[in-house]
Amino acid sequence: MESKPILRRALQCVLLCLALFAFVGAGDPAARFGALGHQLMCICGCGQILLECNHVGCPSSDGMRNELTAAVDRGDSDSLVQQAFVQKYGPTVLAAPPTTGAVNRAAWIMPFVALIAGFGIVIFVVRAWKNRPAPAVADGLRPIRGAELEQFRDQARKETDL
Amino acid sequence: MAQIGSYALLLALALSVYCFLAGLLSLIFENAGLERVGESARRAGIATSVVVLLAAVVLVVAAFTNDFSIAYIFHHSNRDLPGPYKFAVLWSGQEGSLLFWSLLLAAYGFVLRLRYKTDPRLFAYASVVLAGVQIFFLSLLNFAAHPFAVMEGNLPADGKGLNVLLQYPEMVIHPPMLYLGYVGFTVPFAFALGALIMKYPGEKWIHITRRWTMVTWGFLTCGIFLGAHWAYSVLGWGGYWGWDPVENASFMPWLVGTAFLHSVMMQEKRGMLKVWNMWLVFATFWLAILGTFLTRSGIISSVHAFAQSSIGDWFAWFLAITFAVFVFFFFKNKNHLRSEHKLESLISRESSFLFNNLLFVLLCFVVLWGTWFPKISELLQGNKVTVGAPFYNRVAIPVALLLLVLTAVGPLLAWRKTSLESLKRNFLWPTIGAIAVAVFLMMTPSSWGAAFGLKPWVDISYFYSLMAIALSVLVTLTVASEFYRGGRVISGHTGQGMFASMVQLTHRNTRRYGGYIVHFGVVVVIIGLAGAAFNQDKEMEMKNGDQMNIGSYTLICRSFTEDENPNQYSQWAILDVYKGDKKIDTMTPVREFYKANQQASTKPDIRSTFKEDLYLVYEGQNEKGQPIIKAHLNPLVIWIWIGVWIILGGTVLALVPNAPAPVGVSVPKPKLVEHAAPAVTGD
């Protein structure tokens with residue numbers, strides 16, 4: 001009976017921790033520039049994250065970095081910065097799918113649906129296997145169970161011990 | 001030269017078709033006395049290997065003799081290309097790399113057909129499957145991507161040269177390793193399909209397959225990490241893994257292959273998961289081909305991709321045919337794959353393998369989903385969406401952390417069932433140790449280094465890093481406890497020292513303890529990856545005497561200069577590196593311009609220590625001709641490469657046959673059966 005309040009308390013702690021992660025964020029401009037710059041792609045076709053694009057003579061990354069610096073200095077919010085980049089360069093400028101629109105949301109949801117479904121299937125399989133009758137025994141042979149089975153297991157362990 | 005190569009490829013195709021058809025006939029009409037036909041098929045398979053080798057040698061010789069009448073050599077080599085890179089010409093372009101794939105498949109087939117006496121019938125089936133795959137690649141080479149196509153018109157005086165990014169020593173070994181991995185998965189698939197078709201009795205095929213899979217897995221691991229090291233050392237963006245579709249293509253078969261290496265133990269020990277293992281072997285092979293399809297078809301854009309070409313269609317058909325063949329035989333013979341035992345408890349080694357497999361396959365699904373999603377979104381909503389590192393980091397890291405938990409827990413669970421008492425006994429101290437390390441890392445000042453002063457509430461990446469390090473400690477302690485307990489038993493019986501006992505223990509079950517060493521290597525790699533949360537970088541235009549501070553380092557530009565050799569021009573910056581007032585190094589990041597193909601490339605200079613890498617890149621020049629230097633400080637990176645060596649060492653150890661147990665050593669009955677159980681019950 002005592003385990004329920006403990007479980008509830010533990011759950012509350014986990015939720016509190018998750019809330020903390022949700023609300024804390026990088027505050028200073030340099031950290032924001034770094035964080036936002038890693039959520040945007042260079043659009044020159046190199047396929048690299050904006051702040052990691054280093055190919056010689058890139059026509060895009062310098063200008064995009066300057067725009068990002070200006071937006072951060074102005075104090076624009078993260079979503080405003082991202083919107084401005086999407087409007088100018090198109091949706092491929094975002095390094096990960098946005099959370100708007102059913103298709104984009106599916107990108108994020110599907111792996112977790114698969115995880116939950118997978119766990120469900122494994123647990124179902126384990127239970128089904130547990131409840132499955134033991135493999136058939138040839139006629140005339142008595143199945144070994146209980147203490148006798150433990151005795152054989154013990155013997156097997158001894159024989160395979162180091 | 002081109003004619004010799006062309007005829008060799010045609011002959012190889014004819015031989016492999018004969019190997020396939022004659023082998024198939026001898027197996028279909030087994031009772032009709034076609035043994036000699038079967039033997040001729042085996043010999044044709046061996047001859048195919050020799051002829052494909054001849055074609056590959058011809059191409060390499062053409063590169064060395066600057067035979068620019070061959071279009072492939074013209075496009076991928078030039079006169080001043082250094083010797084070792086002329087070998088790399090073989091796999092640097094589409095046609096050559098397909099020939100290289102065929103060569104490796106021929107080499108695997110050669111070994112397989114020579115070792116046929118292990119189990120002639122099973123090997124005959126595997127040989128036919130391999131010949132089927134070889135026919136596909138040789139058809140491609142003869143009819144769609146001919147490496148010996150000749151130039152039309154006047155012969156050019158010099159070639160266009162090798163891609164500049166490939167002109168790096170690791171590039172001479174990275175693709176062969178990766179290809180050995182990709183191609184090698186054909187062999188387990190061939191055995192699995194053969195065993196399925198012939199309803200192979202018993203588990204001997206799985207013993208044979210497991211060893212091939214381990215070798216292949218080792219090559220693929222080596223290839224993937226060589227690629228990561230090459231990206232880190234050459235591309236100059238400061239990272240080693242970009243979740244590029246082609247990187248993903250190599251990672252997917254690795255994940256499923258790793259799942260198979262674990263679940264195969266269930267089949268060997270308990271006769272379970274037979275259906276699942278069959279599908280895993282098939283999926284590993286299929287994903288390796290899918291990766292090649294992704295690279296060659298141009299369907300997914302990637303920095304690694306070859307030019308878009310029609311051979312994507314060939315791969316699509318091949319994927320469809322292999323899928324259809326496998327599914328047909330699976331449904332025809334699936335009754336043969338029934339489990340021999342039932343599962344007794346959720347807390348058991350069997351369950352841990354099930355969850356382990358679930359997570360590996362899920363990770364593979366995440367990577368596959370992320371790789372294909374841009375295409376899916378384009379089809380469904382009309383615009384392409386980018387799926388880059390932020391997506392994978394958010395989705396894959398939590399799954400990888402769960403896998404790390406299983407890596408710690410799984411090996412200490414007993415087969416059949418484990419009691420809570422046993423769990424408590426085995427995990428109490430490792431868990432306390434892991435929590436203590438986590439608390440220590442949180443309490444220490446961050447000035448001590450990257451992994452210290454970790455405040456998980458500041459940033460989610462810090463939380464992941466802390467979890468990764470704490471779980472790595474948990475895995476290390478559980479692995480150490482396994483060695484310690486086994487060593488203690490042997491030491492008690494033989495009177496040897498603990499270290500000698502642990503060495504003997506390892507010799508007596510190389511697969512199991514080699515596996516633990518692989519787990520430890522993975523932990524070391526993960527500690528290296530965890531350092532990425534603390535990466536710093538800075539960029540600055542530097543004239544002589546200018547100073548840049550990053551972390552505890554001070555960089556002073558001493559000079560900048562230029563150099564030239566027949567192959568390239570280069571620009572260098574010479575920077576003195578200080579720590580405090582003490583000069584500790586001089587570093588020279590460089591930018592190179594290759595004459596033959598007029599391409600430029602940056603080559604970073606990296607100063608590695610156990611604590612961190614100082615990584616300097618010559619980004620370019622300002623309008624005054626002064627260098628622009630980008631400095632990265634990447635903590636703990638060296639542990640990734642150290643971890644890979646440990647993984648490979650563990651893999652090699654696991655392949656070594658067990659030493660026989662000494663005769664006449666009496667073993668007393670353990671005081672507590674469950675106490676001994678996790679340390680004694682097999683792999």
# chains A, B, ... in the order shown; residues from 1 in each chain; ligands from 1
>>> residues_around(residues="Met110 of chain A", least_positions_apart="2", cutoff="12 Å", atoms="only C-alpha atoms", output="PyMOL selection string")
(chain A and resi 102-108+112-118) or (chain B and resi 362+365-370+373+395)
>>> write_last_selection(atoms="C-alpha atoms", output="short mmCIF file (atom, residue, chain, number, x, y, z; two decimals), in the first residue's frame")
data_model
loop_
_atom_site.label_atom_id
_atom_site.label_comp_id
_atom_site.auth_asym_id
_atom_site.auth_seq_id
_atom_site.Cartn_x
_atom_site.Cartn_y
_atom_site.Cartn_z
CA ALA A 102 0.07 16.59 -39.99
CA VAL A 103 2.83 15.22 -42.22
CA ASN A 104 5.59 17.07 -40.36
CA ARG A 105 4.22 15.97 -37.00
CA ALA A 106 4.24 12.40 -38.25
CA ALA A 107 8.01 12.66 -38.64
CA TRP A 108 8.33 13.15 -34.88
CA PHE A 112 7.74 6.95 -30.65
CA VAL A 113 4.65 5.16 -31.92
CA ALA A 114 7.00 2.46 -33.21
CA LEU A 115 8.76 2.33 -29.82
CA ILE A 116 5.52 1.95 -27.90
CA ALA A 117 4.13 -0.56 -30.38
CA GLY A 118 7.41 -2.48 -30.26
CA LEU B 362 13.78 0.65 -33.76
CA PHE B 365 13.66 2.32 -38.31
CA VAL B 366 14.38 5.85 -37.01
CA VAL B 367 17.35 6.16 -39.36
CA LEU B 368 15.38 4.72 -42.29
CA TRP B 369 12.40 6.95 -41.54
CA GLY B 370 14.59 10.05 -41.26
CA PHE B 373 11.12 11.36 -44.85
CA VAL B 395 14.88 10.82 -31.39
#
>>> select_by_dssp(residues="segment 356-572 of chain B", states="strand (DSSP E or B)", output="VMD selection string")
chain B and resid 536 to 541 547 to 550 553 to 564 568 to 572
>>> write_last_selection(atoms="N, CA and C atoms", output="tab-separated table (two decimals), in the first residue's frame")
chain	number	residue	atom	x	y	z
B	536	GLN	N	33.26	23.80	-28.44
B	536	GLN	CA	33.32	25.25	-28.61
B	536	GLN	C	33.97	25.54	-29.96
B	537	ASP	N	33.64	26.69	-30.55
B	537	ASP	CA	34.38	27.09	-31.74
B	537	ASP	C	34.47	28.61	-31.83
B	538	LYS	N	35.45	29.08	-32.58
B	538	LYS	CA	35.71	30.51	-32.73
B	538	LYS	C	36.34	30.75	-34.09
B	539	GLU	N	36.00	31.86	-34.71
B	539	GLU	CA	36.58	32.16	-36.03
B	539	GLU	C	37.18	33.56	-36.00
B	540	MET	N	38.34	33.73	-36.68
B	540	MET	CA	39.02	35.03	-36.62
B	540	MET	C	39.93	35.22	-37.82
B	541	GLU	N	39.97	36.45	-38.33
B	541	GLU	CA	40.98	36.79	-39.35
B	541	GLU	C	42.27	37.08	-38.60
B	547	GLN	N	46.21	37.18	-31.95
B	547	GLN	CA	46.03	36.16	-30.92
B	547	GLN	C	44.56	35.78	-30.80
B	548	MET	N	44.31	34.47	-30.62
B	548	MET	CA	42.94	34.00	-30.41
B	548	MET	C	42.93	33.09	-29.17
B	549	ASN	N	41.94	33.28	-28.30
B	549	ASN	CA	41.82	32.43	-27.12
B	549	ASN	C	40.63	31.49	-27.28
B	550	ILE	N	40.86	30.23	-27.00
B	550	ILE	CA	39.75	29.27	-27.00
B	550	ILE	C	40.04	28.24	-25.91
B	553	TYR	N	43.51	27.42	-24.33
B	553	TYR	CA	44.58	27.62	-25.32
B	553	TYR	C	44.62	29.07	-25.82
B	554	THR	N	45.84	29.51	-26.13
B	554	THR	CA	46.03	30.78	-26.81
B	554	THR	C	46.76	30.49	-28.11
B	555	LEU	N	46.20	30.97	-29.22
B	555	LEU	CA	46.81	30.75	-30.54
B	555	LEU	C	47.38	32.07	-31.04
B	556	ILE	N	48.64	32.04	-31.44
B	556	ILE	CA	49.27	33.25	-31.99
B	556	ILE	C	49.74	32.95	-33.41
B	557	CYS	N	49.30	33.80	-34.34
B	557	CYS	CA	49.67	33.58	-35.74
B	557	CYS	C	51.13	34.01	-35.95
B	558	ARG	N	51.97	33.04	-36.24
B	558	ARG	CA	53.39	33.37	-36.45
B	558	ARG	C	53.62	33.81	-37.90
B	559	SER	N	52.96	33.13	-38.82
B	559	SER	CA	53.19	33.44	-40.22
B	559	SER	C	52.14	32.75	-41.08
B	560	PHE	N	52.09	33.11	-42.35
B	560	PHE	CA	51.30	32.32	-43.31
B	560	PHE	C	52.07	32.27	-44.63
B	561	THR	N	51.93	31.19	-45.35
B	561	THR	CA	52.79	30.98	-46.50
B	561	THR	C	52.08	30.12	-47.56
B	562	GLU	N	52.76	29.89	-48.67
B	562	GLU	CA	52.21	29.06	-49.76
B	562	GLU	C	53.22	28.03	-50.20
B	563	ASP	N	52.75	26.97	-50.85
B	563	ASP	CA	53.64	25.90	-51.30
B	563	ASP	C	53.06	25.31	-52.59
B	564	GLU	N	53.86	24.55	-53.30
B	564	GLU	CA	53.38	23.96	-54.56
B	564	GLU	C	54.10	22.65	-54.83
B	568	GLN	N	49.38	19.89	-56.60
B	568	GLN	CA	48.55	20.88	-55.93
B	568	GLN	C	49.33	22.14	-55.50
B	569	TYR	N	48.58	23.24	-55.31
B	569	TYR	CA	49.07	24.42	-54.59
B	569	TYR	C	48.49	24.33	-53.19
B	570	SER	N	49.19	24.97	-52.24
B	570	SER	CA	48.61	24.99	-50.90
B	570	SER	C	48.93	26.29	-50.17
B	571	GLN	N	48.02	26.69	-49.29
B	571	GLN	CA	48.21	27.87	-48.44
B	571	GLN	C	48.23	27.41	-47.00
B	572	TRP	N	49.19	27.89	-46.24
B	572	TRP	CA	49.36	27.44	-44.86
B	572	TRP	C	49.30	28.63	-43.90
>>> closest_residue(among="A:Cys53, A:Leu80, A:Cys58, A:Cys42", to="chain B", atoms="only C-alpha atoms")
A:Cys53
>>> closest_residue(among="B:Leu343, B:Leu477, B:Val524, B:Ala2", to="chain A", atoms="only C-alpha atoms")
B:Leu343
>>> residues_around(residues="segment 122-131 of chain B", least_positions_apart="3", cutoff="6 Å", atoms="only C-alpha atoms", output="list in words")
Ser16, Phe20, Gly23, Tyr116, Asp119, Gln134, Ala190, Phe191 and Gly194 of chain B
>>> atom_distance(atom1="atom CA of Val503 of chain B", atom2="atom CA of Asn426 of chain B")
22.0 Å
